[in-house]
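Okay, structure first, notes after.
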Amino acid sequence: MPYVERITRAGKTIEIERYFTSRYKKQGIKRGDKVKPTTEQQEKINTRQAERKLRILINANYGYGDYHLILDYIRKKGEPDRTREQMRKDIDIFLRECRKEYKKAGLELKYIHVMEIGKKGARHHHLVINQIDTKILQKCWYKAYEGHNRVKVFPLDDSGQYAELAAYLIKYTGTHRKTEDGALQGKRWNCSKNLVRPEPEYSIISDREYFKAEARPIKGYYVDKNSISKGVHSPEYYGYGYFRYTLVKLERGG
């Protein structure tokens with residue numbers, strides 16, 4: 001039975017995915033009995049797909065020294081928490097000021113933005129953003145949030161594989177979509193229009209070739225063991241099997 005191989009190159013990573021599909025089903029080949037996903041299964045599928053999209057977006061556009069930025073609010077006893085509408089207005093002002101400052105510095109702002117309300121009600125903005133002097137980011141938040149400049153900056157490492165960060169951000173978007181108030185944003189995340197969006201390459205592998213469920217490194221890359229995933233009779237793949245993993249570029253001398 002032929003199968004599909006999807007390869008997506010994003011920054012220092014190459015994501016490889018092999019899966020069967022009913023589109024190339026041969027007579028006599030059976031899929032799993034349970035194809036239609038339950039509500040819980042569908043939520044997990046949606047989360048995995050969202051993580052994949054965000055992971056590829058981050059890997060393709062950011063690298064060593066860029067930032068995972070958290071913009072905090074100060075909670076004062078007796079004062080109401082920031083509403084979603086106020087938070088959206090705050091981030092609009094912040095991004096507007098950032099665009100001005102990045103332009104002054106001869107840079108172009110690139111961002112991915114996720115809003116979060118913690119379990120205890122704390123409000124935050126999470127951003128993945130290209131590197132600039134952190135004092136400038138404090139200045140921009142100061143203008144957006146009534147004179148406060150508390151920001152947390154976490155520089156990205158040099159691995160080029162930011163799967164954990166993507167999963168961390170998606171975790172909060174999924175939580176909010178289940179709450180009574182619903183999503184904080186129309187989409188799970190917002191981002192600037194100038195980001196690179198890698199297009200996957202698809203190949204149809206002949207049924208004469210064995211379905212390779214083995215993660216193999218290629219020259220100059222290693223296999224991220226945490227990325228290896230496989231299954232059979234998966235609702236995510238029309239009831240057929242799949243196998244996926246990620247290759248990460250080695251540093252010179254590594």
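Ligands are numbered from 1 in the order shown, residues from 1 within each chain, and chains are lettered A, B, ... in the order they appear in the structure tokens.
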> Where does DSSP see helix (DSSP H, G or I) in stretch 71-224 of chain A, if you list the residues as a ChimeraX atom specification?
Replying inline: /A:84-104,134-144,163-178
Quick one: write out the picked residues with C-alpha atoms as a short mmCIF file (atom, residue, chain, number, x, y, z; two decimals), in the first residue's frame?
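Below is the file part.cif, written as the result:
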```
data_model
loop_
_atom_site.label_atom_id
_atom_site.label_comp_id
_atom_site.auth_asym_id
_atom_site.auth_seq_id
_atom_site.Cartn_x
_atom_site.Cartn_y
_atom_site.Cartn_z
CA ARG A 84 -9.86 40.78 27.53
CA GLU A 85 -10.72 43.96 25.66
CA GLN A 86 -8.29 46.00 27.74
CA MET A 87 -5.57 43.40 27.24
CA ARG A 88 -6.08 43.51 23.47
CA LYS A 89 -5.85 47.29 23.51
CA ASP A 90 -2.66 47.14 25.61
CA ILE A 91 -0.95 44.74 23.22
CA ASP A 92 -1.99 46.81 20.20
CA ILE A 93 -0.28 49.86 21.73
CA PHE A 94 2.78 47.82 22.70
CA LEU A 95 3.20 46.43 19.19
CA ARG A 96 2.64 49.85 17.62
CA GLU A 97 5.39 51.34 19.77
CA CYS A 98 7.66 48.37 19.05
CA ARG A 99 7.28 48.85 15.29
CA LYS A 100 8.41 52.45 15.68
CA GLU A 101 11.41 51.53 17.84
CA TYR A 102 12.51 48.62 15.68
CA LYS A 103 12.34 50.84 12.62
CA LYS A 104 14.51 53.45 14.36
CA THR A 134 15.49 45.03 26.34
CA LYS A 135 15.29 48.64 27.54
CA ILE A 136 13.37 49.41 24.36
CA LEU A 137 10.84 46.69 25.16
CA GLN A 138 10.43 48.11 28.67
CA LYS A 139 9.87 51.54 27.17
CA CYS A 140 7.14 50.23 24.85
CA TRP A 141 5.32 48.37 27.64
CA TYR A 142 5.59 51.48 29.82
CA LYS A 143 3.58 53.40 27.21
CA ALA A 144 1.02 50.62 26.77
CA ALA A 163 9.03 22.46 20.29
CA GLU A 164 8.74 22.85 24.08
CA LEU A 165 8.04 26.57 23.77
CA ALA A 166 5.34 25.94 21.15
CA ALA A 167 3.71 23.29 23.35
CA TYR A 168 3.87 25.63 26.36
CA LEU A 169 2.09 28.42 24.49
CA ILE A 170 -0.54 26.14 22.95
CA LYS A 171 -1.32 24.69 26.38
CA TYR A 172 -2.84 28.00 27.48
CA THR A 173 -4.82 28.58 24.30
CA GLY A 174 -6.49 25.18 24.71
CA THR A 175 -7.35 25.87 28.35
CA HIS A 176 -9.10 29.14 27.57
CA ARG A 177 -11.16 27.66 24.74
CA LYS A 178 -12.80 25.28 27.21
#
```
>> Among stretch 64-127 of chain A, which residues does DSSP mark as strand (DSSP E or B) when it is run on the backbone? Keep the chain and numbering as in the structure and answer as a count of residues only.
In response: 18
> So which residues touch A:Leu54 within 12 Å, counting only C-alpha atoms, skipping near sequence neighbours fewer than 4 positions away, as JSON, numbers by chain?
Replying inline: {"A": [10, 47, 48, 49, 50, 58, 59, 60, 61, 62, 112, 113, 114, 128, 161, 162, 163, 164, 165, 166, 167, 168, 169, 170, 171, 173, 187, 188, 189, 190, 191, 195, 196, 197, 198]}
>> Using only C-alpha atoms for the distances, tell me which of A:Ile56, A:Val151, A:Leu247, A:Leu156 is nearest to A:Ser227.
In response: A:Leu247
> Hey, which of A:Thr39, A:Ser206, A:Ser192, A:Asn46 ends up closest to A:Leu109? Count only C-alpha atoms.
Replying inline: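 Looking at the shortest contact to A:Leu109, the residue is A:Ser192.
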Polymer residues at most 8 Å from A:Lys152, only C-alpha atoms, same-chain spacing of 3 or more positions, as an mmCIF file with C-alpha atoms, in the first residue's frame:
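selection00.cif, freshly written:
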```
data_model
loop_
_atom_site.group_PDB
_atom_site.id
_atom_site.type_symbol
_atom_site.label_atom_id
_atom_site.label_comp_id
_atom_site.auth_asym_id
_atom_site.auth_seq_id
_atom_site.Cartn_x
_atom_site.Cartn_y
_atom_site.Cartn_z
ATOM 1 C CA LEU A 69 8.909 37.737 26.156
ATOM 2 C CA ILE A 70 6.315 37.909 28.936
ATOM 3 C CA LEU A 71 4.498 41.156 29.657
ATOM 4 C CA ASP A 72 3.092 41.191 33.192
#
```
> Can you tell me, as a PyMOL selection string, what residues are no more than 9 Å from A:Ile7 when counting only C-alpha atoms, ignoring any on the same chain fewer than 6 positions away?
Replying inline: chain A and resi 14-18+199-203
Keeping only all heavy atoms, write the selected residues to a file as a PDB file, in the first residue's frame.
```pdb
ATOM      1  N   ILE A  14      14.223  19.664  10.339  1.00  0.00           N
ATOM      2  CA  ILE A  14      13.534  18.987   9.237  1.00  0.00           C
ATOM      3  C   ILE A  14      12.543  18.023   9.871  1.00  0.00           C
ATOM      4  O   ILE A  14      12.933  17.086  10.578  1.00  0.00           O
ATOM      5  CB  ILE A  14      14.498  18.207   8.329  1.00  0.00           C
ATOM      6  CG1 ILE A  14      15.590  19.118   7.763  1.00  0.00           C
ATOM      7  CG2 ILE A  14      13.731  17.537   7.187  1.00  0.00           C
ATOM      8  CD1 ILE A  14      16.658  18.371   6.962  1.00  0.00           C
ATOM      9  N   GLU A  15      11.262  18.265   9.667  1.00  0.00           N
ATOM     10  CA  GLU A  15      10.238  17.381  10.221  1.00  0.00           C
ATOM     11  C   GLU A  15       9.832  16.363   9.158  1.00  0.00           C
ATOM     12  O   GLU A  15       9.466  16.735   8.039  1.00  0.00           O
ATOM     13  CB  GLU A  15       9.030  18.181  10.695  1.00  0.00           C
ATOM     14  CG  GLU A  15       9.368  19.136  11.816  1.00  0.00           C
ATOM     15  CD  GLU A  15       8.187  19.481  12.702  1.00  0.00           C
ATOM     16  OE1 GLU A  15       7.091  18.915  12.482  1.00  0.00           O
ATOM     17  OE2 GLU A  15       8.361  20.295  13.622  1.00  0.00           O
ATOM     18  N   ILE A  16       9.884  15.099   9.520  1.00  0.00           N
ATOM     19  CA  ILE A  16       9.571  14.017   8.594  1.00  0.00           C
ATOM     20  C   ILE A  16       8.375  13.244   9.123  1.00  0.00           C
ATOM     21  O   ILE A  16       8.337  12.848  10.289  1.00  0.00           O
ATOM     22  CB  ILE A  16      10.782  13.079   8.418  1.00  0.00           C
ATOM     23  CG1 ILE A  16      11.963  13.867   7.843  1.00  0.00           C
ATOM     24  CG2 ILE A  16      10.427  11.895   7.519  1.00  0.00           C
ATOM     25  CD1 ILE A  16      13.271  13.132   7.829  1.00  0.00           C
ATOM     26  N   GLU A  17       7.404  13.048   8.253  1.00  0.00           N
ATOM     27  CA  GLU A  17       6.173  12.381   8.652  1.00  0.00           C
ATOM     28  C   GLU A  17       5.770  11.416   7.544  1.00  0.00           C
ATOM     29  O   GLU A  17       5.747  11.777   6.371  1.00  0.00           O
ATOM     30  CB  GLU A  17       5.094  13.442   8.867  1.00  0.00           C
ATOM     31  CG  GLU A  17       3.852  12.955   9.547  1.00  0.00           C
ATOM     32  CD  GLU A  17       2.954  14.118   9.967  1.00  0.00           C
ATOM     33  OE1 GLU A  17       3.176  15.245   9.482  1.00  0.00           O
ATOM     34  OE2 GLU A  17       2.050  13.881  10.757  1.00  0.00           O
ATOM     35  N   ARG A  18       5.467  10.183   7.934  1.00  0.00           N
ATOM     36  CA  ARG A  18       5.013   9.177   6.971  1.00  0.00           C
ATOM     37  C   ARG A  18       3.678   8.640   7.456  1.00  0.00           C
ATOM     38  O   ARG A  18       3.534   8.293   8.624  1.00  0.00           O
ATOM     39  CB  ARG A  18       6.040   8.042   6.860  1.00  0.00           C
ATOM     40  CG  ARG A  18       7.423   8.515   6.457  1.00  0.00           C
ATOM     41  CD  ARG A  18       8.377   7.357   6.236  1.00  0.00           C
ATOM     42  NE  ARG A  18       9.713   7.878   5.923  1.00  0.00           N
ATOM     43  CZ  ARG A  18      10.751   7.829   6.747  1.00  0.00           C
ATOM     44  NH1 ARG A  18      10.632   7.251   7.930  1.00  0.00           N
ATOM     45  NH2 ARG A  18      11.918   8.328   6.399  1.00  0.00           N
ATOM     46  N   GLU A 199       6.590  25.690   3.416  1.00  0.00           N
ATOM     47  CA  GLU A 199       5.648  24.800   2.748  1.00  0.00           C
ATOM     48  C   GLU A 199       6.217  23.388   2.753  1.00  0.00           C
ATOM     49  O   GLU A 199       7.367  23.173   2.373  1.00  0.00           O
ATOM     50  CB  GLU A 199       5.419  25.257   1.300  1.00  0.00           C
ATOM     51  CG  GLU A 199       4.632  26.553   1.174  1.00  0.00           C
ATOM     52  CD  GLU A 199       3.191  26.406   1.633  1.00  0.00           C
ATOM     53  OE1 GLU A 199       2.639  25.286   1.509  1.00  0.00           O
ATOM     54  OE2 GLU A 199       2.611  27.391   2.118  1.00  0.00           O
ATOM     55  N   PRO A 200       5.438  22.402   3.173  1.00  0.00           N
ATOM     56  CA  PRO A 200       5.933  21.026   3.185  1.00  0.00           C
ATOM     57  C   PRO A 200       6.083  20.452   1.779  1.00  0.00           C
ATOM     58  O   PRO A 200       5.397  20.885   0.847  1.00  0.00           O
ATOM     59  CB  PRO A 200       4.855  20.267   3.968  1.00  0.00           C
ATOM     60  CG  PRO A 200       3.622  21.078   3.813  1.00  0.00           C
ATOM     61  CD  PRO A 200       4.059  22.509   3.690  1.00  0.00           C
ATOM     62  N   GLU A 201       6.979  19.489   1.655  1.00  0.00           N
ATOM     63  CA  GLU A 201       7.159  18.751   0.409  1.00  0.00           C
ATOM     64  C   GLU A 201       6.503  17.379   0.577  1.00  0.00           C
ATOM     65  O   GLU A 201       6.750  16.688   1.563  1.00  0.00           O
ATOM     66  CB  GLU A 201       8.652  18.581   0.109  1.00  0.00           C
ATOM     67  CG  GLU A 201       9.414  19.897   0.019  1.00  0.00           C
ATOM     68  CD  GLU A 201      10.922  19.673   0.012  1.00  0.00           C
ATOM     69  OE1 GLU A 201      11.352  18.508  -0.133  1.00  0.00           O
ATOM     70  OE2 GLU A 201      11.656  20.657   0.185  1.00  0.00           O
ATOM     71  N   TYR A 202       5.688  16.985  -0.390  1.00  0.00           N
ATOM     72  CA  TYR A 202       4.986  15.712  -0.306  1.00  0.00           C
ATOM     73  C   TYR A 202       5.514  14.734  -1.351  1.00  0.00           C
ATOM     74  O   TYR A 202       5.776  15.118  -2.491  1.00  0.00           O
ATOM     75  CB  TYR A 202       3.491  15.902  -0.541  1.00  0.00           C
ATOM     76  CG  TYR A 202       2.773  16.642   0.568  1.00  0.00           C
ATOM     77  CD1 TYR A 202       2.638  18.031   0.538  1.00  0.00           C
ATOM     78  CD2 TYR A 202       2.219  15.957   1.647  1.00  0.00           C
ATOM     79  CE1 TYR A 202       1.974  18.711   1.560  1.00  0.00           C
ATOM     80  CE2 TYR A 202       1.548  16.619   2.665  1.00  0.00           C
ATOM     81  CZ  TYR A 202       1.435  17.994   2.609  1.00  0.00           C
ATOM     82  OH  TYR A 202       0.785  18.662   3.615  1.00  0.00           O
ATOM     83  N   SER A 203       5.650  13.492  -0.937  1.00  0.00           N
ATOM     84  CA  SER A 203       6.027  12.421  -1.861  1.00  0.00           C
ATOM     85  C   SER A 203       5.113  11.232  -1.618  1.00  0.00           C
ATOM     86  O   SER A 203       4.759  10.934  -0.469  1.00  0.00           O
ATOM     87  CB  SER A 203       7.482  11.984  -1.635  1.00  0.00           C
ATOM     88  OG  SER A 203       8.362  13.059  -1.848  1.00  0.00           O
TER      89      SER A 203
END
```
